[in-house]
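Engineer: mmCIF, C-alpha atoms, file final-v7.cif:
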data_my_file
loop_
_atom_site.label_atom_id
_atom_site.label_comp_id
_atom_site.auth_asym_id
_atom_site.auth_seq_id
_atom_site.Cartn_x
_atom_site.Cartn_y
_atom_site.Cartn_z
CA MET A 522 -3.68 -53.04 44.49
CA PHE A 523 -4.71 -51.87 41.01
CA LEU A 524 -8.13 -53.54 41.39
CA GLN A 525 -8.67 -51.85 44.77
CA ILE A 526 -7.84 -48.43 43.31
CA GLN A 527 -10.15 -49.12 40.34
CA PHE A 528 -12.96 -50.12 42.71
CA ILE A 529 -12.56 -46.92 44.73
CA PHE A 530 -12.50 -44.84 41.54
CA LEU A 531 -15.70 -46.46 40.24
CA SER A 532 -17.41 -46.00 43.59
CA VAL A 533 -16.52 -42.31 43.70
CA CYS A 534 -17.71 -41.85 40.13
CA CYS A 535 -21.06 -43.45 40.93
CA ALA A 536 -21.56 -41.32 44.06
CA THR A 537 -23.55 -38.14 43.62
CA GLN A 538 -23.48 -35.13 45.89
CA ILE A 539 -27.09 -34.03 46.35
CA TYR A 540 -26.66 -31.47 49.14
CA GLN A 541 -23.82 -29.37 50.55
CA LYS A 542 -23.94 -26.26 52.72
CA THR A 543 -21.53 -24.49 55.05
CA PHE A 544 -22.68 -23.16 58.43
CA GLU A 545 -21.14 -21.05 61.17
CA THR A 546 -23.21 -21.38 64.31
CA VAL A 547 -23.45 -22.95 67.76
CA PHE A 548 -26.45 -25.15 66.94
CA MET A 549 -28.09 -26.17 63.68
CA GLU A 550 -31.05 -28.39 62.82
CA PHE A 551 -33.02 -29.08 59.63
CA SER A 552 -35.01 -31.83 57.87
CA TYR A 553 -34.40 -33.41 54.47
CA LYS A 554 -36.28 -35.94 52.31
CA LEU A 555 -34.39 -38.82 50.70
CA ASP A 556 -35.02 -41.67 48.29
CA SER A 557 -35.62 -44.63 50.59
CA SER A 558 -34.49 -47.09 47.92
CA LYS A 559 -30.89 -45.86 48.18
CA THR A 560 -28.22 -45.58 50.84
CA HIS A 561 -27.03 -42.07 51.62
CA LEU A 562 -23.99 -40.68 53.43
CA ILE A 563 -24.44 -37.67 55.72
CA GLN A 564 -21.05 -36.13 56.41
CA LEU A 565 -19.98 -33.39 58.83
CA THR A 566 -16.71 -31.70 57.87
CA ILE A 567 -15.41 -29.32 60.53
CA LYS A 568 -13.68 -26.29 59.04
CA LYS A 569 -12.97 -24.66 62.42
CA PHE A 570 -13.40 -26.04 65.92
CA PRO A 571 -14.86 -23.81 68.65
CA ASP A 572 -12.45 -21.59 70.57
CA ASP A 573 -13.85 -23.14 73.74
CA GLN A 574 -12.16 -26.54 73.69
CA SER A 575 -14.51 -27.90 76.36
CA CYS A 576 -17.11 -28.17 73.55
CA LEU A 577 -16.97 -30.93 70.95
CA PRO A 578 -19.06 -30.80 67.69
CA TYR A 579 -21.57 -33.62 67.52
CA LEU A 580 -23.49 -34.80 64.43
CA GLU A 581 -26.81 -36.55 65.06
CA VAL A 582 -29.28 -37.90 62.48
CA ASN A 583 -32.86 -38.97 63.28
CA SER A 584 -33.87 -41.36 60.51
CA THR A 585 -37.46 -42.44 59.75
CA PHE A 586 -37.93 -45.52 57.58
CA ASN A 587 -41.17 -47.53 57.31
CA ASP A 588 -42.59 -45.51 60.22
CA VAL A 589 -39.64 -46.52 62.42
CA THR A 590 -37.42 -43.73 63.80
CA GLN A 591 -33.88 -44.26 65.03
CA THR A 592 -31.04 -41.97 66.10
CA LEU A 593 -27.67 -42.39 64.38
CA TYR A 594 -24.28 -40.83 65.11
CA ASP A 595 -20.58 -41.41 64.47
CA GLU A 596 -19.42 -42.28 67.99
CA GLN A 597 -15.82 -43.00 67.02
CA GLY A 598 -15.46 -39.81 65.00
CA TYR A 599 -16.90 -37.74 67.82
CA ALA A 600 -14.94 -39.42 70.64
CA THR A 601 -11.62 -39.03 68.81
CA LYS A 602 -12.41 -35.43 67.85
CA SER A 603 -12.12 -36.24 64.18
CA LYS A 604 -12.56 -33.43 61.66
CA VAL A 605 -14.96 -35.65 59.69
CA GLN A 606 -17.99 -37.47 61.09
CA SER A 607 -19.83 -39.84 58.74
CA ILE A 608 -23.23 -41.50 59.06
CA TYR A 609 -24.71 -43.99 56.56
CA VAL A 610 -28.49 -44.07 56.40
CA GLN A 611 -31.32 -45.56 54.33
CA SER A 612 -34.44 -43.51 54.92
CA ASP A 613 -37.15 -41.41 53.33
CA GLN A 614 -37.04 -38.60 55.92
CA ILE A 615 -34.11 -37.46 58.07
CA GLN A 616 -33.54 -34.71 60.61
CA ILE A 617 -29.95 -33.48 60.88
CA SER A 618 -28.65 -31.60 63.93
CA VAL A 619 -25.19 -30.35 64.89
CA SER A 620 -24.49 -29.27 68.47
CA ASN A 621 -21.74 -28.97 71.06
CA LYS A 622 -21.30 -31.61 73.77
CA LYS A 623 -19.11 -30.65 76.70
CA LEU A 624 -16.07 -32.68 77.73
CA THR A 625 -16.46 -33.20 81.49
CA PHE A 626 -12.75 -33.15 82.34
CA ILE A 627 -12.05 -29.77 80.68
CA PRO A 628 -13.25 -26.70 82.61
CA GLU A 629 -15.65 -24.37 80.81
CA SER A 630 -14.44 -21.02 79.57
CA ASN A 631 -16.00 -17.83 78.25
CA LEU A 632 -14.59 -18.38 74.77
CA SER A 633 -16.73 -18.65 71.65
CA GLN A 634 -18.56 -21.93 71.01
CA VAL A 635 -19.26 -21.18 67.33
CA ILE A 636 -18.43 -23.98 64.87
CA GLN A 637 -17.64 -23.55 61.21
CA PHE A 638 -18.64 -26.73 59.35
CA THR A 639 -20.05 -28.17 56.13
CA ILE A 640 -22.91 -30.66 55.82
CA THR A 641 -22.74 -32.90 52.77
CA ILE A 642 -25.31 -35.50 51.62
CA ILE A 643 -24.02 -38.05 49.10
CA ASP A 644 -26.31 -40.30 47.09
CA SER A 645 -25.13 -43.92 46.53
CA PRO A 646 -21.79 -43.50 48.36
CA PRO A 647 -19.04 -46.15 48.42
CA GLU A 648 -19.19 -48.70 51.22
CA LYS A 649 -17.91 -47.60 54.58
CA LEU A 650 -14.17 -48.15 54.76
CA VAL A 651 -13.13 -50.41 57.65
CA CYS A 652 -9.56 -50.13 58.94
CA ASN A 653 -7.78 -53.21 60.19
CA PHE A 654 -5.49 -52.91 63.18
CA PRO A 655 -3.17 -51.00 63.43
CA THR A 656 -4.29 -48.68 60.60
CA TYR A 657 -6.73 -45.84 61.21
CA GLY A 658 -8.01 -42.63 59.67
CA SER A 659 -10.66 -41.78 57.08
CA ASP A 660 -8.62 -43.51 54.36
CA CYS A 661 -6.84 -46.07 56.63
CA GLN A 662 -3.49 -44.61 55.60
CA GLN A 663 -2.28 -43.84 59.13
CA ASN A 664 -0.64 -46.40 61.37
CA MET A 665 -0.44 -46.63 65.15
CA GLU A 666 3.20 -46.86 66.21
CA GLU A 667 4.31 -49.93 68.17
CA PHE A 668 6.47 -49.38 71.25
CA GLU A 669 8.74 -51.93 72.87
CA THR A 670 8.24 -52.93 76.49
CA GLU A 671 10.75 -52.01 79.17
CA THR A 672 11.44 -48.68 77.45
CA SER A 673 10.67 -45.04 78.06
CA THR A 674 9.28 -43.18 75.06
CA SER A 675 8.74 -39.47 74.71
CA LEU A 676 5.94 -38.32 72.40
CA ILE A 677 5.64 -34.82 70.98
CA VAL A 678 1.91 -34.10 70.72
CA PRO A 679 0.57 -30.89 69.07
CA LYS A 680 -2.08 -28.86 70.85
CA TYR A 681 -5.64 -30.29 70.67
CA THR A 682 -4.42 -33.40 68.84
CA TRP A 683 -4.44 -37.16 69.40
CA ASN A 684 -1.39 -39.38 69.08
CA TYR A 685 -1.85 -43.16 69.09
CA VAL A 686 0.63 -45.92 69.97
CA TYR A 687 0.28 -49.53 71.12
CA TYR A 688 2.10 -52.28 73.06
CA ILE A 689 2.02 -56.04 72.59
CA LEU A 690 2.31 -57.70 76.00
CA ASP A 691 2.96 -61.35 76.78
CA ASN A 692 1.55 -61.50 80.34
CA TYR A 693 -0.48 -59.59 82.89
CA ASP A 694 2.35 -58.21 84.98
CA TYR A 695 2.99 -54.83 83.38
CA LYS A 696 2.54 -51.26 84.48
CA ILE A 697 2.46 -48.14 82.38
CA GLU A 698 3.63 -44.82 83.75
CA ALA A 699 2.65 -41.54 82.14
CA GLN A 700 4.52 -38.36 83.06
CA SER A 701 3.61 -34.95 81.69
CA ASP A 702 6.06 -32.24 80.85
CA TRP A 703 4.69 -28.76 81.61
CA ALA A 704 1.48 -29.33 79.62
CA SER A 705 -1.78 -31.10 80.50
CA PHE A 706 -2.60 -34.38 78.79
CA VAL A 707 -5.42 -36.91 78.58
CA VAL A 708 -4.20 -40.51 78.35
CA ALA A 709 -6.74 -43.09 77.15
CA LEU A 710 -6.10 -46.83 77.62
CA LEU A 711 -7.90 -49.40 75.47
CA PRO A 712 -7.30 -53.16 75.07
CA VAL A 713 -7.88 -54.22 71.47
CA ASP A 714 -7.83 -57.42 69.49
CA LYS A 715 -5.03 -57.51 66.96
CA ALA A 716 -7.15 -59.47 64.45
CA SER A 717 -10.16 -57.16 64.56
CA THR A 718 -10.85 -53.75 63.12
CA THR A 719 -9.19 -50.75 64.67
CA THR A 720 -10.90 -49.11 67.64
CA LEU A 721 -9.10 -45.98 68.74
CA PRO A 722 -8.75 -44.86 72.35
CA SER A 723 -10.95 -41.83 72.89
CA PHE A 724 -12.52 -39.49 75.42
CA GLN A 725 -14.87 -42.34 76.32
CA SER A 726 -12.11 -44.87 77.09
CA ASN A 727 -10.35 -45.38 80.43
CA LEU A 728 -8.86 -41.94 81.03
CA MET A 729 -5.98 -40.54 83.05
CA LEU A 730 -5.77 -36.75 83.32
CA LEU A 731 -2.28 -35.32 83.88
CA ASN A 732 -2.07 -31.71 84.98
CA SER A 733 0.56 -29.23 83.85
CA ASN A 734 2.59 -29.47 87.09
CA GLY A 735 4.72 -32.44 86.10
CA ASP A 736 2.06 -34.94 87.19
CA THR A 737 2.85 -38.69 87.11
CA LYS A 738 0.35 -41.54 87.10
CA GLU A 739 0.84 -45.30 87.04
CA VAL A 740 -1.72 -47.91 85.97
CA LYS A 741 -1.49 -51.70 85.93
CA LEU A 742 -2.50 -53.14 82.56
CA LEU A 743 -4.96 -56.04 82.85
CA ARG A 744 -6.03 -58.09 79.88
CA PRO A 745 -9.77 -58.85 79.55
CA ALA A 746 -10.56 -62.54 79.14
CA GLU A 747 -12.16 -62.03 75.71
CA ILE A 748 -9.00 -60.48 74.21
CA SER A 749 -6.99 -63.27 72.52
CA SER A 750 -4.05 -61.09 71.47
CA TYR A 751 -2.94 -58.92 74.35
CA VAL A 752 -2.62 -55.50 72.74
CA PHE A 753 -2.92 -52.22 74.60
CA ALA A 754 -3.61 -49.13 72.55
CA ILE A 755 -2.68 -45.79 74.12
CA GLY A 756 -4.15 -42.48 73.04
CA VAL A 757 -2.57 -39.20 74.16
CA TYR A 758 -4.45 -35.91 73.75
CA ASN A 759 -2.74 -32.58 74.40
CA LEU A 760 -4.81 -29.88 76.13
CA ASP A 761 -2.13 -27.17 76.00
CA GLU A 762 0.58 -25.94 73.66
CA ASP A 763 2.87 -28.34 71.79
CA ALA A 764 4.65 -30.38 74.45
CA ALA A 765 6.06 -33.81 75.20
CA ILE A 766 4.72 -36.63 77.35
CA THR A 767 6.80 -39.58 78.52
CA LEU A 768 5.32 -43.10 78.52
CA THR A 769 7.19 -45.85 80.39
CA LEU A 770 6.12 -49.48 80.31
CA HIS A 771 7.88 -51.88 82.68
CA GLN A 772 7.29 -55.37 83.96
CA GLN A 773 6.15 -55.71 87.52
CA SER A 774 8.83 -57.39 89.63
CA GLU A 775 8.16 -60.52 91.67
CA ASP A 776 8.95 -58.61 94.84
CA GLU A 777 6.19 -56.12 94.06
CA GLU A 778 3.76 -58.89 93.24
CA ASP A 779 4.53 -61.15 96.20
CA SER A 780 5.46 -58.58 98.83
CA PHE A 781 2.00 -58.72 100.29
CA PRO A 782 0.10 -61.84 99.11
CA LEU A 783 -3.64 -62.07 99.25
CA TRP A 784 -3.68 -64.66 102.03
CA ALA A 785 -1.65 -62.36 104.28
CA ILE A 786 -4.03 -59.45 103.64
CA LEU A 787 -7.05 -61.64 104.40
CA THR A 788 -5.41 -62.94 107.58
CA ILE A 789 -4.66 -59.43 108.83
CA VAL A 790 -8.17 -58.25 108.03
CA GLY A 791 -9.67 -61.31 109.77
CA VAL A 792 -7.59 -60.78 112.93
CA PHE A 793 -8.49 -57.10 112.94
CA ILE A 794 -12.22 -57.81 112.62
CA PHE A 795 -12.03 -60.54 115.29
CA GLY A 796 -10.28 -58.12 117.65
CA ILE A 797 -12.98 -55.52 117.09
CA LEU A 798 -15.73 -58.06 117.83
CA ILE A 799 -14.00 -59.19 121.05
CA SER A 800 -13.57 -55.57 122.16
CA ILE A 801 -17.23 -54.80 121.48
CA TYR A 802 -18.30 -57.88 123.49
CA ILE A 803 -16.11 -56.93 126.47
CA ILE A 804 -17.35 -53.34 126.43
CA CYS A 805 -20.98 -54.51 126.30
CA GLN A 806 -20.45 -56.85 129.26
CA ILE A 807 -18.76 -54.12 131.32
CA ARG A 808 -21.54 -51.65 130.57
CA LYS A 809 -24.18 -54.27 131.37
CA GLN A 810 -22.62 -55.08 134.74
CA ALA A 811 -22.15 -51.41 135.53
CA LYS A 812 -25.78 -50.75 134.68
CA VAL A 813 -26.95 -53.61 136.92
CA TYR A 814 -24.76 -52.33 139.74
CA GLU A 815 -26.04 -48.79 139.35
CA GLU A 816 -29.69 -49.85 139.25
CA GLN A 817 -29.45 -52.18 142.29
CA PRO A 818 -31.67 -50.49 144.95
CA LYS A 819 -30.46 -49.92 148.51
CA ILE A 820 -33.66 -51.57 149.80
CA SER A 821 -35.25 -54.29 147.71
CA LEU A 822 -38.85 -54.29 146.59
CA GLU A 823 -39.40 -57.51 148.54
CA VAL A 824 -38.55 -55.76 151.82
CA LEU A 825 -40.90 -52.90 150.99
CA ASP A 826 -43.78 -55.26 150.14
CA LYS A 827 -43.15 -57.36 153.28
CA TYR A 828 -42.89 -54.61 155.89
CA MET A 829 -44.44 -51.60 154.13
CA PRO A 830 -47.23 -52.95 151.88
CA ILE A 831 -49.19 -50.73 149.54
CA LYS A 832 -52.42 -49.35 151.03
CA PRO A 833 -54.92 -46.56 150.32
CA VAL A 834 -54.44 -43.17 151.90
CA PRO A 835 -55.86 -43.10 155.45
CA LYS A 836 -58.43 -40.39 156.10
CA HIS A 837 -56.22 -38.61 158.65
CA GLN A 838 -53.50 -38.29 155.98
CA LEU A 839 -55.64 -36.59 153.33
CA THR A 840 -54.67 -33.16 154.65
CA GLU A 841 -50.99 -34.06 154.89
CA THR A 842 -48.26 -33.93 152.23
CA CYS A 843 -45.70 -36.48 151.11
CA CYS A 844 -42.31 -35.40 152.48
CA VAL A 845 -40.52 -36.64 149.38
CA CYS A 846 -42.47 -34.92 146.59
CA LEU A 847 -44.16 -32.29 148.83
CA VAL A 848 -47.54 -32.97 147.17
CA GLN A 849 -50.69 -33.38 149.22
CA PHE A 850 -52.16 -36.86 149.41
CA LEU A 851 -55.29 -37.52 147.35
CA LYS A 852 -57.94 -40.12 147.99
CA ARG A 853 -57.02 -42.08 144.84
CA ASP A 854 -53.30 -42.23 145.74
CA GLN A 855 -51.54 -45.36 146.96
CA THR A 856 -49.18 -45.11 149.91
CA ARG A 857 -46.71 -47.08 151.99
CA GLU A 858 -46.37 -46.71 155.77
CA THR A 859 -42.94 -47.11 157.31
CA PRO A 860 -42.50 -48.96 160.64
CA CYS A 861 -41.88 -45.53 162.18
CA LYS A 862 -45.46 -44.51 161.21
CA HIS A 863 -44.70 -42.13 158.32
CA TYR A 864 -46.66 -42.15 155.07
CA PHE A 865 -45.29 -41.64 151.54
CA HIS A 866 -46.49 -42.12 147.99
CA THR A 867 -45.64 -45.60 146.76
CA ASN A 868 -43.42 -44.37 143.94
CA CYS A 869 -41.83 -41.69 146.09
CA LEU A 870 -40.71 -44.17 148.75
CA ARG A 871 -39.58 -46.60 146.05
CA ASP A 872 -37.43 -43.94 144.38
CA TRP A 873 -36.07 -42.82 147.75
CA THR A 874 -34.99 -46.34 148.81
CA ARG A 875 -33.12 -46.86 145.57
CA LYS A 876 -30.35 -44.64 146.99
CA ASN A 877 -31.14 -44.41 150.72
CA THR A 878 -31.79 -46.86 153.57
CA THR A 879 -33.40 -44.48 156.07
CA CYS A 880 -36.80 -42.91 156.55
CA PRO A 881 -36.98 -39.52 154.79
CA VAL A 882 -38.49 -37.93 157.95
CA CYS A 883 -36.87 -39.44 161.06
CA ARG A 884 -33.91 -41.23 159.48
CA GLN A 885 -34.92 -44.54 161.01
CA GLU A 886 -33.00 -47.36 159.29
CA LEU A 887 -35.29 -49.34 156.97
CA GLY A 888 -33.11 -52.36 156.35
CA GLU A 889 -34.74 -55.73 157.09
CA ALA A 890 -32.58 -56.43 160.16
CA ASP A 891 -33.17 -52.93 161.51
CA ILE A 892 -36.93 -53.22 160.97
CA GLN A 893 -37.01 -56.54 162.90
CA LYS A 894 -35.15 -54.97 165.86
CA TYR A 895 -37.46 -51.98 165.76
CA LEU A 896 -40.62 -54.11 165.72
CA CYS A 897 -39.33 -56.29 168.57
CA LEU A 898 -38.60 -53.28 170.76
CA SER A 899 -41.97 -51.75 169.86
CA GLN A 900 -43.82 -54.89 170.97
CA MET A 901 -41.96 -55.09 174.28
CA THR A 902 -42.49 -51.41 174.99
CA HIS A 903 -46.19 -51.65 174.21
CA LYS A 904 -46.58 -54.56 176.64
CA ASN A 905 -44.64 -52.70 179.31
CA GLU A 906 -46.86 -49.64 178.90
CA ILE A 907 -50.00 -51.74 179.39
CA ASP A 908 -48.59 -53.28 182.59
CA ASN A 909 -47.59 -49.90 183.95
CA SER A 910 -50.97 -48.36 183.17
CA ASN A 911 -52.75 -51.13 185.11
CA SER A 912 -50.50 -51.04 188.21
CA HIS A 913 -49.61 -47.36 188.73
CA GLN A 914 -51.75 -44.50 189.70
CA GLY A 915 -49.24 -42.07 188.41
CA GLU A 916 -46.98 -42.36 185.39
CA LEU A 917 -43.24 -42.51 185.72
CA PRO A 918 -41.20 -40.36 183.39
CA LYS A 919 -39.94 -42.49 180.52
CA ILE A 920 -39.18 -42.32 176.83
CA PRO A 921 -41.47 -44.45 174.59
CA LEU A 922 -39.53 -46.91 172.50
CA THR A 923 -41.60 -45.98 169.49
CA GLN A 924 -39.73 -42.72 169.43
CA LEU A 925 -36.30 -44.42 169.43
CA ARG A 926 -34.26 -44.83 166.26
CA ILE A 927 -32.75 -48.30 166.36
CA SER A 928 -29.79 -49.01 164.10
CA ASP A 929 -26.54 -50.89 164.10
CA HIS A 930 -24.91 -47.88 165.81
CA ASP A 931 -27.40 -47.77 168.76
CA ILE A 932 -25.46 -50.06 171.08
CA ASN A 933 -26.04 -48.53 174.53
CA THR A 934 -29.84 -48.73 174.42
CA ARG A 935 -30.18 -49.14 178.21
CA GLY A 936 -28.95 -45.62 178.78
CA LEU A 937 -31.99 -44.28 176.98
CA ILE A 938 -34.62 -46.01 179.19
CA ILE A 939 -35.54 -44.57 182.60
CA ILE A 940 -36.79 -47.14 185.14
CA ASP A 941 -38.01 -46.35 188.64
CA ASN A 942 -36.20 -48.78 191.00
CA SER A 943 -37.33 -47.16 194.25
CA PRO A 944 -38.83 -49.37 196.98
CA SER A 945 -42.18 -47.72 196.38
CA ASN A 946 -42.30 -49.19 192.89
CA GLN A 947 -43.83 -52.59 193.39
CA HIS A 948 -43.10 -53.63 189.81
CA SER A 949 -39.48 -52.64 189.66
CA HIS A 950 -38.45 -56.25 189.55
CA SER A 951 -40.71 -56.95 186.58
CA ASP A 952 -39.41 -53.82 184.81
CA ARG A 953 -35.87 -55.02 185.18
CA LEU A 954 -36.86 -58.39 183.78
CA SER A 955 -38.50 -56.68 180.79
CA LEU A 956 -35.37 -54.65 180.15
CA ASN A 957 -33.19 -57.72 180.34
CA LEU A 958 -35.43 -59.49 177.84
CA ILE A 959 -35.11 -56.54 175.46
CA GLU A 960 -31.34 -56.57 175.81
CA ASP A 961 -31.19 -60.31 175.21
CA GLN A 962 -33.39 -59.92 172.13
CA ILE A 963 -31.09 -57.21 170.73
CA VAL A 964 -27.99 -59.32 171.36
CA GLU A 965 -29.56 -62.33 169.67
CA ASN A 966 -30.45 -60.28 166.56
#
Before anything else, please render the file you have as structure tokens.
Structural biologist:
Amino acid sequence: MFLQIQFIFLSVCCATQIYQKTFETVFMEFSYKLDSSKTHLIQLTIKKFPDDQSCLPYLEVNSTFNDVTQTLYDEQGYATKSKVQSIYVQSDQIQISVSNKKLTFIPESNLSQVIQFTITIIDSPPEKLVCNFPTYGSDCQQNMEEFETETSTSLIVPKYTWNYVYYILDNYDYKIEAQSDWASFVVALLPVDKASTTTLPSFQSNLMLLNSNGDTKEVKLLRPAEISSYVFAIGVYNLDEDAAITLTLHQQSEDEEDSFPLWAILTIVGVFIFGILISIYIICQIRKQAKVYEEQPKISLEVLDKYMPIKPVPKHQLTETCCVCLVQFLKRDQTRETPCKHYFHTNCLRDWTRKNTTCPVCRQELGEADIQKYLCLSQMTHKNEIDNSNSHQGELPKIPLTQLRISDHDINTRGLIIIDNSPSNQHSHSDRLSLNLIEDQIVEN
């Protein structure tokens, strides 16, 4: 102990203060030349923090040595809001700047951001003091307090101040609960190695922010694989007036751990996903069948091509219009002629027969069976007309079959045909035979 004190005394005696100046500003920057053969200490001592606590003073040194420039800063001193930030440098030219860096979790205010601080440059300073866990501070004279597990501990933390404690845990199954009083706190969690140097929890560690409404937060403590001694350091920073915060560390029960095992969660998720896939498949099949049903035409394209083939517009139709689209036929158009001798654009008739089975003009049925009946009757009527024209001087009153609409509902066809059966009609017997043939043909179809 005496030798350590003597070493510190000799080191301080050998150190020489070559620059010191006090500033009161928001931002400061200047350059300074050094002896590159020596190590120098640049030190920021904060006399007064800004009124706006969302700003944190930050010392930064740009060092140039052998034409190589690097940026140096005291990350631990800044992150723990220490009143002293120290940077060791060996250089021939340095640029020193002090600025404010905002803390993201504290809202900005309209308060002053002016800092009152002192910059000191020390020639040949003592070696940087390294604190072993659990000591900390500029002289390593402060100790982090150890708390027992399974206990609730209340900490009184002054305003804008850190308080550090730690736990030694023997397994992974622990949770820590932080509950604020009426003040707002920042709780920083940091796993550390008991055998290494002290690293303090800071504003850049894993943070929990507790608001001033009695907020409570719970976090499971997990040990990283590289940490041999399972130590959790806790830092508590008070954002308001002096107030207490309660920390509770308890072991997770087996019921909590095993209440919902991983295999059960995976099984439920798998069944849920499988159910969704089955539902999607069924919906797709239903929609596909519905679409096929909706798009099935009343009259197939095969029937149209067989009985109403595509042909150019006849000359006598060039002055006529299509009854579906009401557009006059053009010479370049393609048409279809129905058995009832009506002309339509190919696409118009195709669109019409998707939903209808009759001719758009005379409502003659255009189903295949109806077309066959119609053509059969037309042939018989045409033959009968030829025979009558050759054997009669005068024409008997009759209704041409080409003007009849034949469908499944036209059962009593004989009542629509007028035949002269008088003795003067020499062909009455042949007319009756023709009519009987027509009736037989209808019955057969």
Engineer: Taking only C-alpha atoms into account, which of A:Phe753, A:Tyr828, A:Tyr540, A:Tyr864 comes nearest Glu889 in chain A?
Structural biologist: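 Of the candidates, the smallest distance to Glu889 in chain A is held by A:Tyr828.
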Engineer: What is the distance between CA of Lys738 in chain A and CA of Gln597 in chain A, in Å to one decimal?
Structural biologist: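 According to the coordinates, CA of Lys738 in chain A and CA of Gln597 in chain A are separated by 25.8 Å.
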Engineer: Calculated over only C-alpha atoms, which of the candidates A:Ser620, A:Ala765, A:Trp683, A:Trp784 has the smallest distance to Lys602 in chain A?
Structural biologist: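 Answer, going by the shortest atom-to-atom distance: A:Trp683.
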Engineer: Please measure the separation of CA of Thr625 in chain A and CA of Leu760 in chain A, giving the value in Å to one decimal.
Structural biologist: 13.2 Å
Engineer: Return the single residue from A:Tyr553, A:Lys622, A:Ser750, A:Gly888 that is closest to Glu823 in chain A, with distances computed using all atoms listed in the file.
Structural biologist: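 Of the candidates, the smallest distance to Glu823 in chain A is held by A:Gly888.
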Engineer: Please enumerate the residues selected by the PyMOL selection byres ((chain A and resi 831-844) around 8) when evaluated against the supplied file, formatted as a ChimeraX atom specification.
Structural biologist: /A:826,829-830,845-858,864-867,881-882
